Each structure stands twice: as structure tokens, then as C-alpha cells.
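A.B. asks: Quick one, entry09.cif (mmCIF, C-alpha atoms):
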data_query
loop_
_atom_site.label_atom_id
_atom_site.label_comp_id
_atom_site.auth_asym_id
_atom_site.auth_seq_id
_atom_site.Cartn_x
_atom_site.Cartn_y
_atom_site.Cartn_z
CA MET I 1 0.61 0.25 -7.33
CA ALA I 2 -1.88 -1.13 -9.84
CA GLN I 3 -2.84 -4.71 -9.14
CA ARG I 4 -1.51 -7.26 -11.60
CA LYS I 5 -4.61 -9.34 -12.16
CA THR I 6 -5.78 -11.56 -15.01
CA SER I 7 -8.25 -14.30 -15.92
CA VAL I 8 -7.33 -17.32 -18.03
CA SER I 9 -9.38 -20.25 -19.30
CA ARG I 10 -8.41 -23.56 -20.87
CA GLN I 11 -11.02 -25.68 -22.58
CA THR I 12 -10.13 -29.07 -24.06
CA LYS I 13 -11.91 -32.39 -24.57
CA GLU I 14 -10.30 -33.47 -21.31
CA THR I 15 -10.53 -30.43 -19.02
CA ALA I 16 -12.36 -27.16 -18.41
CA ILE I 17 -10.39 -24.71 -16.29
CA GLU I 18 -11.05 -21.05 -15.47
CA LEU I 19 -8.74 -19.17 -13.13
CA THR I 20 -8.47 -15.55 -11.98
CA LEU I 21 -5.10 -14.61 -10.48
CA ASN I 22 -4.03 -11.51 -8.57
CA LEU I 23 -0.26 -11.37 -8.02
CA ASP I 24 -0.64 -8.57 -5.48
CA GLY I 25 -3.23 -10.22 -3.30
CA SER I 26 -3.37 -11.37 0.30
CA GLY I 27 -3.51 -15.14 -0.16
CA LEU I 28 -7.25 -15.52 -0.79
CA TYR I 29 -8.20 -18.87 -2.32
CA SER I 30 -11.59 -19.78 -3.77
CA VAL I 31 -11.33 -22.51 -6.39
CA ASP I 32 -13.90 -25.22 -7.05
CA CYS I 33 -11.55 -28.22 -7.32
CA PRO I 34 -12.74 -31.85 -7.20
CA ILE I 35 -9.52 -33.26 -5.70
CA GLY I 36 -9.26 -32.46 -2.00
CA PHE I 37 -5.50 -32.79 -1.54
CA PHE I 38 -4.74 -30.86 -4.74
CA SER I 39 -7.06 -28.06 -3.59
CA HIS I 40 -5.19 -28.05 -0.27
CA MET I 41 -1.89 -27.60 -2.13
CA LEU I 42 -3.21 -24.76 -4.28
CA ASN I 43 -4.53 -23.10 -1.13
CA ALA I 44 -1.10 -23.41 0.51
CA PHE I 45 0.54 -21.99 -2.63
CA CYS I 46 -1.70 -18.92 -2.46
CA ALA I 47 -1.33 -18.45 1.30
CA HIS I 48 2.47 -18.48 1.19
CA GLY I 49 2.81 -16.60 -2.08
CA LEU I 50 0.16 -13.99 -1.12
CA PHE I 51 -1.56 -14.64 -4.44
CA ASP I 52 -5.35 -14.44 -4.78
CA LEU I 53 -6.77 -17.26 -6.89
CA SER I 54 -10.37 -18.07 -7.77
CA GLY I 55 -12.13 -20.14 -10.40
CA THR I 56 -13.25 -23.63 -11.36
CA ILE I 57 -11.35 -26.79 -12.28
CA HIS I 58 -13.05 -29.73 -14.00
CA GLY I 59 -11.59 -32.72 -15.80
CA ASP I 60 -12.00 -36.32 -16.90
CA LEU I 61 -11.34 -37.92 -13.52
CA GLU I 62 -12.93 -41.12 -14.82
CA VAL I 63 -9.65 -41.52 -16.75
CA ASP I 64 -7.26 -40.39 -13.99
CA GLN I 65 -6.01 -37.16 -12.39
CA HIS I 66 -3.17 -36.42 -14.80
CA HIS I 67 -5.08 -34.30 -17.35
CA LEU I 68 -6.75 -32.09 -14.75
CA ILE I 69 -3.63 -31.47 -12.67
CA GLU I 70 -1.25 -30.88 -15.60
CA ASP I 71 -3.73 -28.56 -17.32
CA THR I 72 -4.23 -26.62 -14.10
CA GLY I 73 -0.46 -26.11 -13.99
CA ILE I 74 -0.46 -24.87 -17.59
CA THR I 75 -3.38 -22.51 -16.95
CA LEU I 76 -1.91 -21.11 -13.74
CA GLY I 77 1.43 -20.62 -15.51
CA ASN I 78 -0.33 -18.79 -18.35
CA ALA I 79 -1.99 -16.55 -15.76
CA PHE I 80 1.42 -15.61 -14.35
CA THR I 81 2.70 -14.81 -17.84
CA ARG I 82 -0.25 -12.54 -18.57
CA ALA I 83 -0.16 -10.84 -15.17
CA LEU I 84 3.59 -10.18 -15.41
CA GLY I 85 3.47 -8.79 -18.95
CA ASP I 86 6.97 -7.71 -19.97
CA CYS I 87 8.24 -8.36 -16.40
CA ALA I 88 9.31 -4.73 -16.05
CA GLY I 89 10.47 -3.84 -12.56
CA ILE I 90 10.32 -7.28 -10.92
CA HIS I 91 13.13 -9.09 -9.13
CA ARG I 92 12.76 -11.87 -11.76
CA SER I 93 14.39 -14.63 -9.66
CA GLY I 94 13.65 -16.04 -6.22
CA TYR I 95 14.77 -18.76 -3.86
CA SER I 96 13.33 -20.48 -0.79
CA LEU I 97 14.19 -23.19 1.70
CA PHE I 98 11.03 -24.42 3.40
CA PRO I 99 11.04 -26.80 6.38
CA MET I 100 8.00 -28.88 7.29
CA ASP I 101 8.70 -31.07 10.30
CA GLU I 102 11.21 -33.71 9.10
CA THR I 103 11.09 -32.44 5.49
CA LEU I 104 13.18 -29.71 3.90
CA ALA I 105 12.28 -28.44 0.42
CA ARG I 106 14.22 -26.09 -1.82
CA ALA I 107 12.87 -24.09 -4.75
CA ALA I 108 14.58 -21.62 -7.06
CA VAL I 109 12.88 -19.83 -9.95
CA ASP I 110 13.79 -17.45 -12.77
CA PHE I 111 11.16 -15.76 -14.92
CA GLY I 112 13.60 -15.43 -17.78
CA GLY I 113 11.31 -16.35 -20.66
CA ARG I 114 12.43 -19.96 -21.03
CA ALA I 115 10.62 -23.01 -19.69
CA TYR I 116 12.73 -25.56 -17.82
CA LEU I 117 11.97 -27.80 -14.85
CA VAL I 118 14.39 -29.69 -12.63
CA TYR I 119 12.42 -31.86 -10.21
CA GLU I 120 14.10 -34.09 -7.62
CA ALA I 121 11.43 -34.90 -5.05
CA ASP I 122 11.97 -38.55 -4.05
CA ILE I 123 8.22 -39.17 -3.71
CA SER I 124 7.04 -42.78 -3.50
CA ASN I 125 4.24 -42.43 -6.10
CA ILE I 126 1.90 -44.29 -3.73
CA PRO I 127 -1.49 -42.47 -3.77
CA LEU I 128 -2.50 -40.51 -0.68
CA ILE I 129 -5.87 -41.73 0.61
CA SER I 130 -8.46 -39.41 2.15
CA LEU I 131 -11.92 -39.75 3.68
CA SER I 132 -14.57 -37.07 3.18
CA ASP I 133 -17.29 -36.00 5.62
CA SER I 134 -19.77 -38.04 3.58
CA GLY I 135 -17.71 -41.16 4.18
CA LYS I 136 -16.49 -41.38 0.58
CA THR I 137 -12.89 -42.39 0.01
CA GLY I 138 -10.71 -40.28 -2.28
CA SER I 139 -7.10 -40.31 -3.31
CA PHE I 140 -4.38 -38.15 -4.79
CA GLN I 141 -1.97 -39.49 -7.41
CA THR I 142 1.38 -38.27 -6.09
CA ASP I 143 3.14 -38.77 -9.44
CA THR I 144 1.08 -35.87 -10.84
CA VAL I 145 2.99 -33.32 -8.73
CA ALA I 146 5.75 -33.36 -11.34
CA ASP I 147 3.11 -33.02 -14.08
CA PHE I 148 1.69 -29.92 -12.39
CA TRP I 149 5.05 -28.16 -12.17
CA GLN I 150 5.99 -29.16 -15.73
CA GLY I 151 2.74 -27.62 -16.88
CA PHE I 152 3.38 -24.53 -14.78
CA VAL I 153 6.83 -23.80 -16.22
CA SER I 154 5.55 -24.32 -19.77
CA GLY I 155 2.81 -21.75 -19.17
CA ALA I 156 4.84 -19.31 -17.06
CA LEU I 157 7.98 -19.51 -19.24
CA CYS I 158 10.21 -19.82 -16.21
CA SER I 159 13.04 -22.02 -15.03
CA LEU I 160 12.14 -23.82 -11.81
CA HIS I 161 14.33 -26.09 -9.71
CA ILE I 162 12.62 -28.16 -7.02
CA ASP I 163 14.47 -30.43 -4.61
CA ILE I 164 13.59 -32.37 -1.48
CA LEU I 165 16.76 -32.28 0.59
CA ARG I 166 15.40 -34.65 3.24
CA GLY I 167 12.08 -36.04 4.38
CA ARG I 168 9.95 -39.09 5.12
CA SER I 169 6.26 -38.28 4.59
CA ASP I 170 5.02 -37.85 1.00
CA HIS I 171 2.37 -35.46 2.33
CA HIS I 172 5.03 -33.29 3.93
CA LYS I 173 7.30 -33.44 0.87
CA ILE I 174 4.55 -32.34 -1.51
CA GLU I 175 3.25 -29.61 0.79
CA ALA I 176 6.76 -28.29 1.43
CA ILE I 177 7.33 -28.18 -2.34
CA PHE I 178 4.24 -26.04 -2.93
CA LYS I 179 5.14 -23.71 -0.07
CA ALA I 180 8.79 -23.37 -1.10
CA ALA I 181 7.79 -22.70 -4.70
CA ALA I 182 5.24 -20.13 -3.56
CA ARG I 183 7.82 -18.21 -1.52
CA ALA I 184 10.39 -18.33 -4.32
CA ILE I 185 7.85 -17.19 -6.92
CA ARG I 186 6.55 -14.47 -4.58
CA ASP I 187 10.08 -13.03 -4.28
CA ALA I 188 10.64 -13.28 -8.04
CA VAL I 189 7.48 -11.42 -9.06
CA THR I 190 7.75 -8.72 -6.38
CA LYS I 191 8.48 -5.23 -7.67
CA ASP I 192 12.03 -4.00 -7.04
CA GLU I 193 12.01 -0.35 -5.97
CA ARG I 194 15.59 0.15 -7.16
CA ARG I 195 14.84 -1.29 -10.60
CA LYS I 196 11.87 1.06 -11.13
CA ASN I 197 10.22 -0.13 -14.36
CA ALA I 198 13.32 -1.43 -16.12
CA ILE I 199 13.30 -4.85 -17.77
CA PRO I 200 15.36 -7.23 -15.54
CA SER I 201 17.65 -8.44 -18.33
CA THR I 202 20.83 -7.25 -20.01
CA LYS I 203 19.08 -8.04 -23.32
CA GLY I 204 16.46 -5.41 -22.60
CA ILE I 205 13.75 -8.02 -23.10
CA ILE I 206 12.65 -11.23 -21.39
CA VAL I 207 12.93 -14.03 -23.92
#
Output the file's structure as C-alpha cells, nothing else.
C.D. replies:
Amino acid sequence: MAQRKTSVSRQTKETAIELTLNLDGSGLYSVDCPIGFFSHMLNAFCAHGLFDLSGTIHGDLEVDQHHLIEDTGITLGNAFTRALGDCAGIHRSGYSLFPMDETLARAAVDFGGRAYLVYEADISNIPLISLSDSGKTGSFQTDTVADFWQGFVSGALCSLHIDILRGRSDHHKIEAIFKAAARAIRDAVTKDERRKNAIPSTKGIIV
């Protein structure tokens, strides 16, 4: 099976993002990302989706993290659109329940050609604080998780439902979301041997 691989770039006055995505990878992650927790989430997404992702992510962090994280979602979504092409032969939809200690996340996705996000995560919006090896303090703006997934669905032209069914830790909730979404998306983009190369739609086209 030929690998479904593509490179996408997004250059604006606010961000500069270049990503190479392989849908049929092994979970390899090599992205130069200036936000530690966000990089950790992208790494988890690749590991559980078995997607290979490499590239660079830069943005106007002197403003805040919103532009960089939303634009990364858009760019990654665009990469999925390009790699999937006409979506011939894929399952198209996928679903996952992902437990992480006290947290349970649910994700369901449909690559049906229309962008729609339902996001019920019950996250506190209090930034997560981190400490680097150099002793510098960093943080992650938890409210940008919704921005990332909104950007992703707009670029990937998919419907995505994300729910936290229970949980306490914002870290666990966010990580479970990325892992659940990865597993759901992995199932959706996997080739269906019974479908062969048929378009997974009664319309005969994904739109």
C-alpha cells in the first residue's frame, strides 16, 4: 500500500508552520514546537494514531498562545485533507473511549467533507505551569485546546465530537482528549479491505 504522505505550510503575520504528515506511519514525532505541553500532546496524538509528523511551529508567543495553537490545528487538518485525497477506500468514521486514571474521554469523527466541532471538555481554563531543565517557568493556556480542535476540523473538513465523561485533572482531561481523538481518527482513515477503493458515501463523493 502506497504511503499517504504530504507536506503543508502556513505562513501568516502571526505564525510560520511547516508540517509533514504520514497517515501510514508508526507514530514517529519530530516537531520543533516552543510550547512543551502542546508538543507533548502532539506527540501523544501521533503515538496513538500511528501517524508520523515532523516539522516546525513558530508563532507570536509574545501576544499569547492562541494564534500558534489554532494555526497548528488548521495546518494539521489541511495535511489530513491532502493525504486523504478523495477518501476512497477508508472507513471514514471512527470512535474511541479513552481512560486516563480518573478521566474518561470520548471522541467520534466523520471525514464527511463538512467541518463541525462539538466540544464538551469541562476544563478549568487555568494555565498549566511547567519548569524546564534550565529553570525557566513555562505555561500552557488550557483554553486553546478548543481552538486547536476547531482549527483541525476546519482544515480536515470533518465532524468531530469530543466529550469528557468524567475527570478531575486538567492535564489528564486534555491528554485523554488527544489520545481519544487520535484513536478515533486512526480508525476513520484506515483503509477498509471490503470497500476496496470505493468512495465511502452514497453520494459517490465526499462533500
A.B. asks: CA of Ser139 in chain I and CA of Ala156 in chain I, how far apart in Å?
C.D. replies: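 That distance, rounded to one decimal, is 27.8 Å.
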A.B. asks: Using the chain letters and residue numbers of this document, give as a PyMOL selection string the residues selected by the PyMOL selection byres ((chain I and resi 29) around 8).
C.D. replies: chain I and resi 27-28+30-31+42-43+46-47+52-54
A.B. asks: Rounded to one decimal, what separation in Å do you get between CA of Leu50 in chain I and CA of Ala182 in chain I?
C.D. replies: 8.3 Å
A.B. asks: So, counting all atoms listed in the file, which residue among I:Leu68, I:Thr15, I:Pro34, I:Leu23 is closest to Phe51 in chain I?
C.D. replies: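 Of all the options, I:Leu23 lies closest to Phe51 in chain I.
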A.B. asks: In Å, how far is it from CA of Glu120 in chain I to CA of Arg186 in chain I?
C.D. replies: 21.2 Å
A.B. asks: With 9 Å as the threshold, what does the neighbourhood of (9.8, -18.8, -16.0) contain in terms of residues, counting only C-alpha atoms? Coordinates are those of the file; answer as a ChimeraX atom specification.
C.D. replies: /I:77,81,92-93,109-116,152-160
A.B. asks: Quick one: which range 66-166 of chain I residues come within 7 Å of range 190-205 of chain I, and what is the nearest atom pair for each with the distance in Å to one decimal, counting only C-alpha atoms, rows ordered by chain and ascending number, as JSON lines?
C.D. replies:
{"residue": "I:Cys87", "atom": "CA", "partner": "I:Ile199", "partner_atom": "CA", "distance": 6.3}
{"residue": "I:Ala88", "atom": "CA", "partner": "I:Ile199", "partner_atom": "CA", "distance": 4.3}
{"residue": "I:Gly89", "atom": "CA", "partner": "I:Asn197", "partner_atom": "CA", "distance": 4.1}
{"residue": "I:Ile90", "atom": "CA", "partner": "I:Lys191", "partner_atom": "CA", "distance": 4.3}
{"residue": "I:His91", "atom": "CA", "partner": "I:Asp192", "partner_atom": "CA", "distance": 5.6}
{"residue": "I:Arg92", "atom": "CA", "partner": "I:Pro200", "partner_atom": "CA", "distance": 6.5}
A.B. asks: For range 161-167 of chain I, please output as a list in words all residues within 8 Å (counting all atoms listed in the file; exclusion window: fewer than 2 positions along the same chain).
C.D. replies: Glu102, Thr103, Leu104, Ala105, Arg106, Ala107, Ala108, Val109, Leu117, Val118, Tyr119, Glu120, Ala121, Asp122, Ser159, Ser169, His172, Lys173, Ile177 and Ala181 of chain I
A.B. asks: Using C-alpha atoms, can you write the selected residues to a file as a PDB file, in the frame of the given file?
C.D. replies:
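The resulting file, again-v9.pdb, is shown below:
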ATOM      1  CA  GLU I 102      11.210 -33.710   9.100  1.00  0.00           C
ATOM      2  CA  THR I 103      11.090 -32.440   5.490  1.00  0.00           C
ATOM      3  CA  LEU I 104      13.180 -29.710   3.900  1.00  0.00           C
ATOM      4  CA  ALA I 105      12.280 -28.440   0.420  1.00  0.00           C
ATOM      5  CA  ARG I 106      14.220 -26.090  -1.820  1.00  0.00           C
ATOM      6  CA  ALA I 107      12.870 -24.090  -4.750  1.00  0.00           C
ATOM      7  CA  ALA I 108      14.580 -21.620  -7.060  1.00  0.00           C
ATOM      8  CA  VAL I 109      12.880 -19.830  -9.950  1.00  0.00           C
ATOM      9  CA  LEU I 117      11.970 -27.800 -14.850  1.00  0.00           C
ATOM     10  CA  VAL I 118      14.390 -29.690 -12.630  1.00  0.00           C
ATOM     11  CA  TYR I 119      12.420 -31.860 -10.210  1.00  0.00           C
ATOM     12  CA  GLU I 120      14.100 -34.090  -7.620  1.00  0.00           C
ATOM     13  CA  ALA I 121      11.430 -34.900  -5.050  1.00  0.00           C
ATOM     14  CA  ASP I 122      11.970 -38.550  -4.050  1.00  0.00           C
ATOM     15  CA  SER I 159      13.040 -22.020 -15.030  1.00  0.00           C
ATOM     16  CA  SER I 169       6.260 -38.280   4.590  1.00  0.00           C
ATOM     17  CA  HIS I 172       5.030 -33.290   3.930  1.00  0.00           C
ATOM     18  CA  LYS I 173       7.300 -33.440   0.870  1.00  0.00           C
ATOM     19  CA  ILE I 177       7.330 -28.180  -2.340  1.00  0.00           C
ATOM     20  CA  ALA I 181       7.790 -22.700  -4.700  1.00  0.00           C
TER      21      ALA I 181
END
A.B. asks: Can you work out which one of I:Val207, I:Phe178, I:Phe37, I:Ser124 has the shortest atom-to-atom distance to Gly138 in chain I, counting all atoms listed in the file?
C.D. replies: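 For Gly138 in chain I, the nearest of the candidates is I:Phe37.
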A.B. asks: Calculated over only C-alpha atoms, which of the candidates I:Asn22, I:Thr142, I:Ser7, I:Asn78 has the smallest distance to Thr56 in chain I?
C.D. replies: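 The closest residue to Thr56 in chain I is I:Ser7.
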A.B. asks: Return as a list in words the set of residues that the PyMOL selection byres ((chain I and resi 10-14) around 10) yields on the displayed structure.
C.D. replies: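 Listing what the PyMOL selection byres ((chain I and resi 10-14) around 10) selects in the shown file: Val8, Ser9, Thr15, Ala16, Ile17, Glu18, Leu19, Ile57, His58, Gly59, Asp60, Leu61, Val63, His67, Leu68, Asp71, Thr72, Ile74, Thr75, Leu76 and Asn78 of chain I.
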A.B. asks: Calculated over all atoms listed in the file, which of the candidates I:Ser39, I:Ile129, I:Ala176, I:Phe148 has the smallest distance to Gly55 in chain I?
C.D. replies: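 Checking each candidate against Gly55 in chain I, we get I:Ser39 as the closest.
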A.B. asks: Select, from I:Asp101, I:Glu175, I:Asp86, I:Asp143, the residue with the minimum atom-to-atom distance to Ile69 in chain I, counting all atoms listed in the file.
C.D. replies: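 Among I:Asp101, I:Glu175, I:Asp86, I:Asp143, it is I:Asp143 that comes nearest to Ile69 in chain I.
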